[in-house]
file input-v7.cif (mmCIF, C-alpha atoms)
data_target
#
loop_
_atom_site.label_atom_id
_atom_site.label_comp_id
_atom_site.auth_asym_id
_atom_site.auth_seq_id
_atom_site.Cartn_x
_atom_site.Cartn_y
_atom_site.Cartn_z
CA MET A 3 34.48 -0.53 -12.33
CA VAL A 4 31.95 0.93 -9.90
CA PRO A 5 28.39 0.60 -11.25
CA ALA A 6 26.56 3.81 -12.13
CA ALA A 7 23.86 3.14 -9.51
CA ILE A 8 26.49 3.37 -6.76
CA HIS A 9 27.78 6.71 -8.08
CA GLU A 10 24.19 7.90 -8.25
CA PHE A 11 23.51 6.83 -4.65
CA LEU A 12 26.64 8.58 -3.39
CA ARG A 13 25.83 11.74 -5.37
CA GLY A 14 22.33 11.71 -3.87
CA ARG A 15 23.70 11.32 -0.36
CA ALA A 16 26.18 14.18 -0.96
CA LEU A 17 23.39 16.38 -2.27
CA GLN A 18 21.35 15.73 0.89
CA GLN A 19 24.31 16.99 2.93
CA GLY A 20 24.79 20.04 0.68
CA LEU A 21 28.08 18.61 -0.63
CA PRO A 22 29.43 18.22 -4.16
CA ALA A 23 29.66 14.75 -5.71
CA PRO A 24 32.52 12.85 -4.03
CA SER A 25 35.87 12.51 -5.76
CA GLN A 26 37.47 9.09 -6.24
CA ASN A 27 39.62 9.34 -3.12
CA GLU A 28 37.32 11.31 -0.85
CA ASP A 29 36.69 9.74 2.57
CA LEU A 30 32.97 9.02 2.39
CA PHE A 31 32.60 8.63 6.17
CA SER A 32 34.50 11.67 7.40
CA SER A 33 32.73 13.81 4.80
CA GLY A 34 29.38 12.63 6.20
CA ILE A 35 28.23 11.12 2.89
CA LEU A 36 28.11 7.65 4.48
CA ASP A 37 27.17 6.62 7.99
CA SER A 38 26.33 3.22 9.49
CA PHE A 39 22.83 3.19 8.01
CA ALA A 40 23.83 4.52 4.60
CA LEU A 41 26.59 1.90 4.44
CA VAL A 42 23.98 -0.85 4.74
CA GLU A 43 21.93 0.81 2.01
CA LEU A 44 25.05 1.03 -0.18
CA VAL A 45 25.69 -2.68 0.39
CA SER A 46 22.11 -3.46 -0.73
CA ILE A 47 22.71 -1.52 -3.95
CA ILE A 48 26.01 -3.31 -4.54
CA GLU A 49 24.32 -6.68 -4.03
CA ALA A 50 21.55 -5.77 -6.48
CA GLU A 51 23.94 -4.37 -9.08
CA VAL A 52 26.80 -6.85 -8.88
CA GLY A 53 24.76 -9.94 -8.06
CA PHE A 54 26.52 -11.38 -5.02
CA LYS A 55 25.79 -11.19 -1.31
CA VAL A 56 28.33 -9.13 0.60
CA PRO A 57 29.31 -11.27 3.61
CA ASP A 58 28.55 -9.69 7.01
CA GLY A 59 32.25 -9.65 7.87
CA ASP A 60 32.98 -7.53 4.80
CA VAL A 61 30.58 -4.76 5.83
CA VAL A 62 33.23 -2.64 7.49
CA PRO A 63 34.11 0.95 6.64
CA ARG A 64 37.55 0.18 5.16
CA HIS A 65 36.04 -1.59 2.16
CA PHE A 66 33.78 1.37 1.43
CA GLN A 67 35.87 4.32 2.65
CA SER A 68 36.10 5.91 -0.81
CA ILE A 69 35.01 5.21 -4.37
CA ASN A 70 38.48 3.84 -5.02
CA ALA A 71 38.15 1.51 -2.01
CA ILE A 72 34.79 0.30 -3.29
CA GLU A 73 36.30 -0.32 -6.72
CA LYS A 74 39.16 -2.26 -5.17
CA TYR A 75 36.76 -4.34 -3.07
CA LEU A 76 34.59 -5.17 -6.08
CA ASP A 77 37.69 -6.10 -8.11
CA THR A 78 38.78 -8.48 -5.36
CA LYS A 79 35.37 -10.11 -5.30
CA SER A 80 35.12 -10.49 -9.07
CA ARG A 81 38.33 -12.50 -9.32
CA MET B 24 -10.26 -20.93 15.61
CA PRO B 25 -8.51 -17.59 14.96
CA ALA B 26 -7.21 -15.37 17.75
CA TYR B 27 -7.95 -11.67 17.98
CA ILE B 28 -6.38 -8.69 19.68
CA VAL B 29 -9.52 -7.20 21.22
CA SER B 30 -8.04 -4.42 23.33
CA SER B 31 -4.83 -2.49 23.94
CA GLY B 32 -3.50 -0.27 26.68
CA SER B 33 -0.30 1.57 27.47
CA TYR B 34 1.45 3.51 30.19
CA VAL B 35 4.41 5.87 30.17
CA PRO B 36 6.01 7.55 33.19
CA SER B 37 5.35 11.27 33.58
CA ARG B 38 9.00 12.38 33.56
CA VAL B 39 9.98 13.63 30.10
CA VAL B 40 13.73 13.54 29.31
CA SER B 41 14.58 15.64 26.27
CA ASN B 42 17.70 15.47 24.13
CA LEU B 43 18.68 18.77 25.71
CA ASP B 44 18.58 17.07 29.13
CA LEU B 45 20.99 14.41 27.85
CA GLU B 46 23.52 16.84 26.34
CA PRO B 47 25.62 17.24 29.53
CA LEU B 48 25.51 13.50 30.28
CA LEU B 49 26.28 12.07 26.86
CA GLY B 50 28.49 14.78 25.38
CA LEU B 51 26.38 15.15 22.24
CA THR B 52 24.20 18.04 21.16
CA ALA B 53 20.42 17.62 21.09
CA ASP B 54 20.54 17.90 17.31
CA GLN B 55 23.24 15.23 17.01
CA ILE B 56 21.07 12.88 19.05
CA PHE B 57 18.02 13.60 16.92
CA ARG B 58 19.89 13.08 13.66
CA SER B 59 21.39 9.80 14.94
CA CYS B 60 18.13 8.16 15.93
CA GLY B 61 15.11 10.40 15.28
CA ILE B 62 14.30 10.68 18.99
CA LYS B 63 13.35 14.05 20.51
CA GLU B 64 12.44 12.90 23.99
CA ARG B 65 11.78 9.78 26.04
CA ARG B 66 10.23 8.97 29.42
CA TRP B 67 12.20 7.85 32.46
CA ALA B 68 10.50 6.15 35.36
CA ALA B 69 10.34 7.54 38.88
CA GLU B 70 12.25 5.91 41.75
CA ASP B 71 9.16 4.14 43.06
CA GLU B 72 8.22 2.60 39.70
CA SER B 73 9.16 -0.85 38.43
CA ALA B 74 8.51 -2.98 35.36
CA SER B 75 5.63 -4.66 37.19
CA SER B 76 4.03 -1.39 38.31
CA MET B 77 4.16 0.02 34.78
CA GLY B 78 2.94 -3.25 33.28
CA THR B 79 0.07 -3.39 35.76
CA ASN B 80 -0.99 0.12 34.70
CA ALA B 81 -0.88 -0.82 31.00
CA LEU B 82 -2.86 -4.03 31.52
CA ALA B 83 -5.44 -2.23 33.68
CA ALA B 84 -5.90 0.23 30.81
CA ALA B 85 -6.36 -2.59 28.28
CA ILE B 86 -8.87 -4.37 30.52
CA GLY B 87 -10.73 -1.12 31.18
CA GLN B 88 -11.02 -0.40 27.49
CA SER B 89 -12.24 -3.90 26.65
CA GLY B 90 -15.26 -4.06 28.90
CA LEU B 91 -14.14 -7.58 29.85
CA SER B 92 -13.73 -8.76 33.40
CA PRO B 93 -10.23 -9.54 34.71
CA ALA B 94 -11.73 -12.83 35.93
CA GLU B 95 -12.08 -13.93 32.29
CA ILE B 96 -8.30 -13.85 31.71
CA ASP B 97 -6.98 -17.41 31.78
CA LEU B 98 -3.31 -16.88 30.90
CA LEU B 99 -0.91 -13.99 31.53
CA ILE B 100 2.25 -13.59 29.43
CA VAL B 101 4.83 -10.91 30.25
CA GLY B 102 7.77 -9.97 28.03
CA THR B 103 10.44 -7.65 29.40
CA MET B 104 14.21 -7.12 29.41
CA SER B 105 14.03 -5.20 32.68
CA PRO B 106 12.26 -7.56 35.10
CA ASP B 107 11.62 -6.62 38.72
CA TYR B 108 13.93 -9.44 39.84
CA SER B 109 16.11 -12.13 38.24
CA VAL B 110 13.82 -14.65 39.93
CA PRO B 111 10.86 -14.87 40.03
CA GLY B 112 9.55 -13.61 36.72
CA THR B 113 7.55 -10.43 36.44
CA ALA B 114 4.35 -12.13 35.25
CA PRO B 115 3.30 -13.51 38.66
CA ILE B 116 4.02 -10.13 40.23
CA ILE B 117 1.67 -8.40 37.78
CA GLN B 118 -0.89 -11.15 38.39
CA ALA B 119 -0.82 -10.42 42.11
CA LYS B 120 -0.85 -6.63 41.68
CA LEU B 121 -3.93 -6.83 39.49
CA GLY B 122 -5.62 -9.35 41.79
CA LEU B 123 -6.04 -11.92 39.03
CA SER B 124 -6.98 -15.46 40.10
CA SER B 125 -4.30 -18.16 40.20
CA ILE B 126 -4.06 -18.48 36.42
CA PRO B 127 -0.82 -19.65 34.77
CA THR B 128 1.73 -16.92 34.16
CA LEU B 129 4.62 -17.02 31.71
CA ASP B 130 7.66 -14.77 31.28
CA ILE B 131 9.28 -14.62 27.85
CA ARG B 132 12.72 -13.22 27.02
CA CYS B 133 12.88 -12.30 23.36
CA ALA B 134 13.81 -8.65 23.94
CA CYS B 135 12.36 -6.32 21.32
CA CYS B 136 10.65 -9.29 19.62
CA ASN B 137 8.60 -10.05 22.72
CA PHE B 138 5.42 -8.71 21.14
CA LEU B 139 5.75 -11.04 18.13
CA TYR B 140 6.65 -14.10 20.20
CA GLY B 141 3.91 -13.20 22.69
CA ILE B 142 1.08 -13.00 20.16
CA GLN B 143 2.35 -16.17 18.49
CA VAL B 144 2.16 -18.08 21.77
CA ALA B 145 -1.18 -16.51 22.69
CA ALA B 146 -2.66 -17.38 19.28
CA ALA B 147 -1.38 -20.96 19.56
CA MET B 148 -2.93 -21.36 23.02
CA ILE B 149 -6.25 -20.04 21.78
CA GLU B 150 -6.23 -22.02 18.52
CA SER B 151 -5.50 -25.21 20.50
CA ARG B 152 -8.34 -24.30 22.93
CA ARG B 153 -5.99 -24.22 25.92
CA ALA B 154 -6.97 -20.61 26.62
CA ASN B 155 -9.77 -18.23 25.74
CA LEU B 156 -8.50 -14.84 26.86
CA VAL B 157 -4.77 -14.18 27.12
CA ALA B 158 -3.32 -11.00 28.61
CA LEU B 159 0.03 -9.92 27.16
CA VAL B 160 2.07 -7.29 28.97
CA PHE B 161 5.32 -5.64 27.80
CA PRO B 162 6.85 -3.33 30.41
CA GLU B 163 10.34 -1.85 30.13
CA LEU B 164 12.18 0.19 32.74
CA GLN B 165 15.54 0.66 31.05
CA SER B 166 16.69 4.06 32.26
CA ARG B 167 17.91 2.63 35.56
CA PHE B 168 20.43 0.39 33.76
CA LEU B 169 21.96 2.88 31.33
CA ASP B 170 25.53 4.11 31.35
CA ARG B 171 24.85 7.85 31.36
CA SER B 172 28.27 8.85 30.09
CA PRO B 173 29.74 9.86 26.71
CA GLN B 174 31.31 6.43 26.17
CA ALA B 175 27.83 4.90 25.93
CA ALA B 176 26.11 7.79 24.14
CA ASN B 177 25.16 5.75 21.07
CA LEU B 178 23.12 3.34 23.19
CA SER B 179 21.97 5.47 26.09
CA MET B 180 20.38 8.11 23.85
CA LEU B 181 17.96 5.50 22.54
CA PHE B 182 16.12 3.96 25.42
CA GLY B 183 12.96 5.06 27.16
CA ASP B 184 10.63 3.55 29.75
CA GLY B 185 7.04 2.51 29.18
CA ALA B 186 4.64 -0.41 29.03
CA SER B 187 2.03 -1.79 26.70
CA ALA B 188 -0.56 -4.53 26.97
CA VAL B 189 -3.03 -6.31 24.72
CA LEU B 190 -5.80 -8.81 25.32
CA VAL B 191 -5.95 -11.72 22.86
CA SER B 192 -9.28 -13.52 22.68
CA SER B 193 -11.03 -16.33 20.85
CA VAL B 194 -14.01 -13.98 20.48
CA PRO B 195 -13.67 -11.02 18.06
CA SER B 196 -15.47 -8.45 20.21
CA GLY B 197 -15.13 -4.70 19.55
CA PRO B 198 -12.59 -3.40 17.03
CA ALA B 199 -10.76 -6.73 16.89
CA LEU B 200 -7.49 -7.34 15.03
CA GLU B 201 -7.17 -10.91 13.80
CA ILE B 202 -3.68 -12.38 14.27
CA SER B 203 -3.40 -13.61 10.69
CA ASP B 204 0.20 -14.85 10.69
CA VAL B 205 3.58 -14.49 12.39
CA VAL B 206 7.03 -15.48 11.10
CA LEU B 207 9.90 -15.78 13.57
CA PHE B 208 13.65 -16.32 13.24
CA SER B 209 16.68 -16.47 15.51
CA ASP B 210 20.47 -16.74 15.20
CA GLY B 211 22.22 -17.21 18.53
CA SER B 212 25.67 -16.88 17.00
CA HIS B 213 25.14 -13.13 17.49
CA ALA B 214 24.27 -13.45 21.18
CA THR B 215 27.04 -11.12 22.32
CA ASP B 216 26.46 -8.49 19.62
CA LEU B 217 23.54 -6.98 21.52
CA GLY B 218 22.44 -7.41 25.11
CA VAL B 219 23.40 -7.27 28.76
CA ALA B 220 25.91 -9.77 30.15
CA TYR B 221 25.00 -9.67 33.84
CA PRO B 222 23.42 -11.13 35.84
CA GLY B 223 24.18 -14.37 34.05
CA SER B 224 25.95 -17.68 34.63
CA ALA B 225 28.32 -17.27 31.66
CA GLY B 226 30.14 -14.32 33.21
CA ALA B 227 31.08 -11.04 31.62
CA TRP B 228 31.56 -10.69 27.90
CA GLY B 229 35.21 -10.65 26.93
CA LYS B 230 37.57 -9.64 29.71
CA ASP B 231 35.36 -6.95 31.17
CA THR B 232 34.92 -7.45 34.89
CA SER B 233 34.04 -3.86 35.75
CA ASP B 234 30.65 -2.57 36.79
CA ALA B 235 30.10 -1.74 33.13
CA LYS B 236 29.23 -5.40 32.52
CA THR B 237 25.71 -4.64 33.74
CA TYR B 238 25.22 -2.03 31.01
CA PRO B 239 23.75 -2.86 27.59
CA ARG B 240 26.26 -3.54 24.83
CA MET B 241 25.84 -3.28 21.08
CA SER B 242 28.05 -4.00 18.08
CA GLY B 243 26.48 -1.16 16.15
CA GLN B 244 27.38 -1.95 12.55
CA GLN B 245 26.56 -5.66 12.92
CA VAL B 246 23.19 -4.86 14.49
CA ILE B 247 22.32 -2.33 11.80
CA LEU B 248 23.31 -4.74 9.03
CA SER B 249 21.47 -7.74 10.50
CA ALA B 250 18.41 -5.69 11.42
CA SER B 251 18.21 -4.17 7.94
CA ARG B 252 18.38 -7.59 6.36
CA GLY B 253 16.21 -9.36 8.93
CA LEU B 254 13.30 -6.91 8.87
CA VAL B 255 13.10 -7.12 5.09
CA GLU B 256 13.56 -10.91 4.99
CA ALA B 257 10.81 -11.52 7.55
CA SER B 258 8.35 -9.05 6.03
CA ARG B 259 8.83 -10.37 2.49
CA LYS B 260 8.42 -13.97 3.64
CA LEU B 261 5.28 -13.13 5.59
CA LEU B 262 3.69 -11.29 2.67
CA GLU B 263 4.72 -13.92 0.15
CA ARG B 264 3.27 -16.85 2.07
CA ASN B 265 -0.01 -14.96 2.46
CA SER B 266 -0.06 -14.12 -1.29
CA LEU B 267 0.17 -10.40 -0.51
CA THR B 268 2.33 -7.51 -1.66
CA VAL B 269 3.36 -4.31 0.08
CA ALA B 270 0.44 -2.61 -1.67
CA ASP B 271 -1.95 -4.78 0.37
CA VAL B 272 -0.57 -3.43 3.65
CA ASN B 273 -2.44 -0.44 5.10
CA TRP B 274 -0.30 0.19 8.18
CA VAL B 275 3.17 -0.68 9.38
CA VAL B 276 3.74 -0.75 13.14
CA PRO B 277 7.43 -1.62 13.50
CA HIS B 278 9.48 -2.02 16.64
CA GLN B 279 10.63 1.56 17.24
CA ALA B 280 14.37 0.88 17.20
CA ASN B 281 15.81 3.87 15.37
CA SER B 282 14.04 6.08 12.85
CA ASN B 283 16.98 5.93 10.42
CA LEU B 284 16.70 2.13 10.38
CA LEU B 285 12.94 2.33 9.90
CA SER B 286 13.25 4.82 7.03
CA GLN B 287 15.72 2.54 5.34
CA PHE B 288 13.40 -0.44 5.86
CA ALA B 289 10.48 1.47 4.30
CA ARG B 290 12.59 2.53 1.30
CA THR B 291 13.84 -1.02 0.70
CA MET B 292 10.34 -2.49 0.99
CA GLY B 293 8.74 0.28 -1.09
CA ILE B 294 6.42 1.25 1.76
CA ASP B 295 4.72 4.65 1.59
CA PRO B 296 6.11 6.58 4.60
CA SER B 297 2.60 7.72 5.53
CA LYS B 298 1.70 4.10 6.32
CA THR B 299 4.39 3.72 8.98
CA ILE B 300 3.32 4.64 12.49
CA LEU B 301 6.14 6.16 14.52
CA THR B 302 6.15 6.97 18.22
CA ILE B 303 9.93 6.96 18.58
CA GLN B 304 10.19 10.76 18.47
CA GLU B 305 8.27 11.13 21.72
CA PHE B 306 8.89 7.83 23.54
CA GLY B 307 12.30 6.68 22.26
CA ASN B 308 13.09 2.99 21.91
CA THR B 309 10.99 1.27 24.58
CA SER B 310 12.17 -2.23 23.51
CA SER B 311 9.50 -4.84 24.35
CA ALA B 312 6.88 -2.14 24.90
CA SER B 313 7.30 -0.30 21.63
CA ILE B 314 5.08 -2.27 19.23
CA GLY B 315 2.17 -2.49 21.65
CA LEU B 316 2.54 1.15 22.59
CA THR B 317 2.53 2.20 18.93
CA LEU B 318 -0.34 -0.14 18.07
CA ASP B 319 -2.30 1.44 20.93
CA VAL B 320 -1.67 4.90 19.45
CA LEU B 321 -2.88 3.69 16.02
CA ALA B 322 -5.93 1.93 17.50
CA LYS B 323 -6.97 5.02 19.45
CA SER B 324 -6.47 7.29 16.41
CA GLY B 325 -9.60 5.84 14.86
CA ASN B 326 -7.79 5.53 11.53
CA ILE B 327 -8.02 1.74 11.23
CA SER B 328 -10.75 0.67 8.81
CA ARG B 329 -12.41 -2.72 8.47
CA ASN B 330 -10.17 -5.24 6.64
CA ASP B 331 -7.06 -3.06 6.99
CA ARG B 332 -3.89 -5.10 7.17
CA ILE B 333 -1.17 -4.18 9.67
CA LEU B 334 2.42 -5.35 9.25
CA ILE B 335 4.48 -5.52 12.48
CA PRO B 336 8.19 -6.21 11.89
CA ALA B 337 10.75 -6.43 14.69
CA PHE B 338 14.44 -7.17 15.27
CA ALA B 339 15.99 -7.89 18.67
CA ALA B 340 18.88 -9.19 20.72
CA GLY B 341 19.59 -12.87 20.22
CA PHE B 342 19.46 -12.14 17.36
CA THR B 343 15.74 -12.75 17.03
CA TRP B 344 13.60 -11.18 14.34
CA GLY B 345 10.29 -11.61 12.61
CA ALA B 346 7.10 -10.03 11.38
CA GLY B 347 3.42 -10.31 12.15
CA LEU B 348 0.30 -9.63 10.14
CA LEU B 349 -2.94 -8.37 11.70
CA ARG B 350 -6.30 -7.86 9.95
CA ALA B 351 -8.89 -5.42 11.26
CA GLY B 352 -12.46 -6.55 11.76
CA ALA B 353 -11.86 -9.63 9.67
CA ALA B 354 -14.27 -11.88 11.57
#

call {"tool": "encode", "arguments": {"input": "input-v7.cif", "output": "C-alpha cells"}}
result
Amino acid sequence: MVPAAIHEFLRGRALQQGLPAPSQNEDLFSSGILDSFALVELVSIIEAEVGFKVPDGDVVPRHFQSINAIEKYLDTKSR
Amino acid sequence: MPAYIVSSGSYVPSRVVSNLDLEPLLGLTADQIFRSCGIKERRWAAEDESASSMGTNALAAAIGQSGLSPAEIDLLIVGTMSPDYSVPGTAPIIQAKLGLSSIPTLDIRCACCNFLYGIQVAAAMIESRRANLVALVFPELQSRFLDRSPQAANLSMLFGDGASAVLVSSVPSGPALEISDVVLFSDGSHATDLGVAYPGSAGAWGKDTSDAKTYPRMSGQQVILSASRGLVEASRKLLERNSLTVADVNWVVPHQANSNLLSQFARTMGIDPSKTILTIQEFGNTSSASIGLTLDVLAKSGNISRNDRILIPAFAAGFTWGAGLLRAGAA
C-alpha cells in the first residue's frame, strides 16, 4: 500500500508539469514527473511516512519507476 | 575571544558565457540547461588569468574595503580546487603577488566546503591567539579543465570561474560578522563519487586511462542524495546545538551548487525562499568561491541588520559537508 502522501506528492509534481495524475504503471521518470532531485524528495517522504531510512544503495530509479514499483519496494521492505 | 569576518571581496572574469553559448558544445538547449541547474550564465577566465591572479584581485578588494593595512595580515589561507600548480600551493603565490610579508601561508583542499573549513581554522587560530588577522582566499578557475562535449554536459554546464576573499579578525571593526559556530563532517568512502582523479598518485579511477581522467567526475544520483541529506543534517545539528530554530535565521548563504538542490533544501528545512541568497543564476557553481562571493553580494546589498543570523551550509567532494553560523554586529 502506497501512503496517501506519496500519491499527493506525485500528483503535485504531475500538476507542475501540466500532466494528469500518474496511473499505477506509468513511468514516472520518462513522463518527467520524477527527476534526480524529485526522487530524493520522494525518498524523504517515504522515510517520514513509513518510518525507515531508505539505504543509499536503494535510491535508484528502478525501485521508484512507477507507483507499482514503489508499492513493490515498500512491500519488500515491510517483510 | 571570538573571531569576526570584518571584510569581504570578490572578483569574476569579464567573459560572460551564456547557456546559449554552451548549446553547440554540450548538445542541450539553453532552456534545458536552465531547468537542470538554475544557471543562466557563468564567467570563464581569460587565457592570461589563473587561480592566483583572480584570488589576488579578490583579496585586494577585501583589503581595500576594510581600511586595514596588508601588513596587519598574519596568516593567509587559500582554498581552491584549481591551483596554479600541483606544487607549490597557491597561497604563497598570492602572498607574493600581493607583496605580503613572509607570513605563514596554508592551502586547504576541501573543495566546495573550503569556506567552512577556512573560517573554522581562522577562528581557531584567532581564539587561540596564534593570529590576529587572517586572510582567506577562495579562487576557482574551472573552465580550463572542463570536458566541453555532450558526454559531460551534466557537469560542464555547472561550473564558472571566480574568486572570493574575507578577512577574519579578533577585532570586530566595521560591519563585522561573528563566526558563531561551524559544524563539519566527512565520509571518504565516497571519494570517487565526485572529483578529479589526476594528477594523483592513486592513478585513474576505474580502468580509464584516457585524457578524460583529468576531467571532473560525478556520480549524480549519489551526490544529490548525499548532499540533500548532508545539508539538512548539518544545518539542523548547528541550529540545535545553538538552541535555535529556522525561524531564528535571517539569511541563508549556501554553497551555490545547483538551484534545484537548494530549493529542495529550503523546502525540507522550512526556510522562506526570500531568505536564501542566490548568485548561481549569474555566476554558476564557482565551487570554493561561491559562498564568499554570495556573502559579498549580501554584505554589499546593505540588507544585513544588527544581530541578523546567517546560515551557510555546504556540501563537497570527499564527501565533506557542514554548516556555519554567522551573527551580524554581535560584538

call {"tool": "atom_distance", "arguments": {"input": "input-v7.cif", "atom1": "CA of Glu70 in chain B", "atom2": "CA of Ala134 in chain B"}}
result
23.1 Å

call {"tool": "residues_around", "arguments": {"input": "input-v7.cif", "residues": "Gly112 in chain B", "least_positions_apart": "4", "cutoff": "10 Å", "atoms": "only C-alpha atoms", "output": "list in words"}}
result
Ser75, Val101, Gly102, Thr103, Pro106, Asp107, Tyr108, Ile116, Ile117, Thr128, Leu129, Asp130 and Ile131 of chain B

call {"tool": "atom_distance", "arguments": {"input": "input-v7.cif", "atom1": "CA of His278 in chain B", "atom2": "CA of Thr317 in chain B"}}
result
8.4 Å

call {"tool": "resolve_selection", "arguments": {"input": "input-v7.cif", "expression": "the PyMOL selection byres ((chain A) within 10 of (chain B))", "output": "PyMOL selection string"}}
result
chain A and resi 37-43+45-46+58-59+61-63

call {"tool": "residues_around", "arguments": {"input": "input-v7.cif", "residues": "Thr78 in chain A", "least_positions_apart": "3", "cutoff": "12 Å", "atoms": "all atoms listed in the file", "output": "NGL selection string"}}
result
:A and (3 or 60 or 65 or 71-75 or 81)

call {"tool": "decode", "arguments": {"input": "input-v7.cif", "residues": "range 266-291 of chain B", "atoms": "C-alpha atoms", "output": "PDB file, in the first residue's frame"}}
result
ATOM      1  CA  SER B 266      19.280  26.389  20.759  1.00  0.00           C
ATOM      2  CA  LEU B 267      17.945  27.988  17.579  1.00  0.00           C
ATOM      3  CA  THR B 268      15.264  27.150  15.036  1.00  0.00           C
ATOM      4  CA  VAL B 269      14.951  28.001  11.363  1.00  0.00           C
ATOM      5  CA  ALA B 270      12.803  30.964  12.404  1.00  0.00           C
ATOM      6  CA  ASP B 271      15.867  32.497  14.083  1.00  0.00           C
ATOM      7  CA  VAL B 272      17.805  32.531  10.806  1.00  0.00           C
ATOM      8  CA  ASN B 273      17.593  35.769   8.816  1.00  0.00           C
ATOM      9  CA  TRP B 274      19.679  34.779   5.798  1.00  0.00           C
ATOM     10  CA  VAL B 275      20.878  31.591   4.175  1.00  0.00           C
ATOM     11  CA  VAL B 276      24.042  31.794   2.071  1.00  0.00           C
ATOM     12  CA  PRO B 277      24.518  28.254   0.758  1.00  0.00           C
ATOM     13  CA  HIS B 278      27.215  26.901  -1.500  1.00  0.00           C
ATOM     14  CA  GLN B 279      25.723  27.591  -4.935  1.00  0.00           C
ATOM     15  CA  ALA B 280      25.756  24.010  -6.205  1.00  0.00           C
ATOM     16  CA  ASN B 281      22.506  23.710  -8.137  1.00  0.00           C
ATOM     17  CA  SER B 282      19.347  25.743  -7.634  1.00  0.00           C
ATOM     18  CA  ASN B 283      17.145  22.626  -7.703  1.00  0.00           C
ATOM     19  CA  LEU B 284      19.152  21.180  -4.807  1.00  0.00           C
ATOM     20  CA  LEU B 285      18.945  24.471  -2.916  1.00  0.00           C
ATOM     21  CA  SER B 286      15.172  24.742  -3.434  1.00  0.00           C
ATOM     22  CA  GLN B 287      14.764  21.233  -2.124  1.00  0.00           C
ATOM     23  CA  PHE B 288      16.966  22.051   0.881  1.00  0.00           C
ATOM     24  CA  ALA B 289      14.875  25.143   1.670  1.00  0.00           C
ATOM     25  CA  ARG B 290      11.609  23.175   1.404  1.00  0.00           C
ATOM     26  CA  THR B 291      12.889  20.397   3.673  1.00  0.00           C
TER      27      THR B 291
END
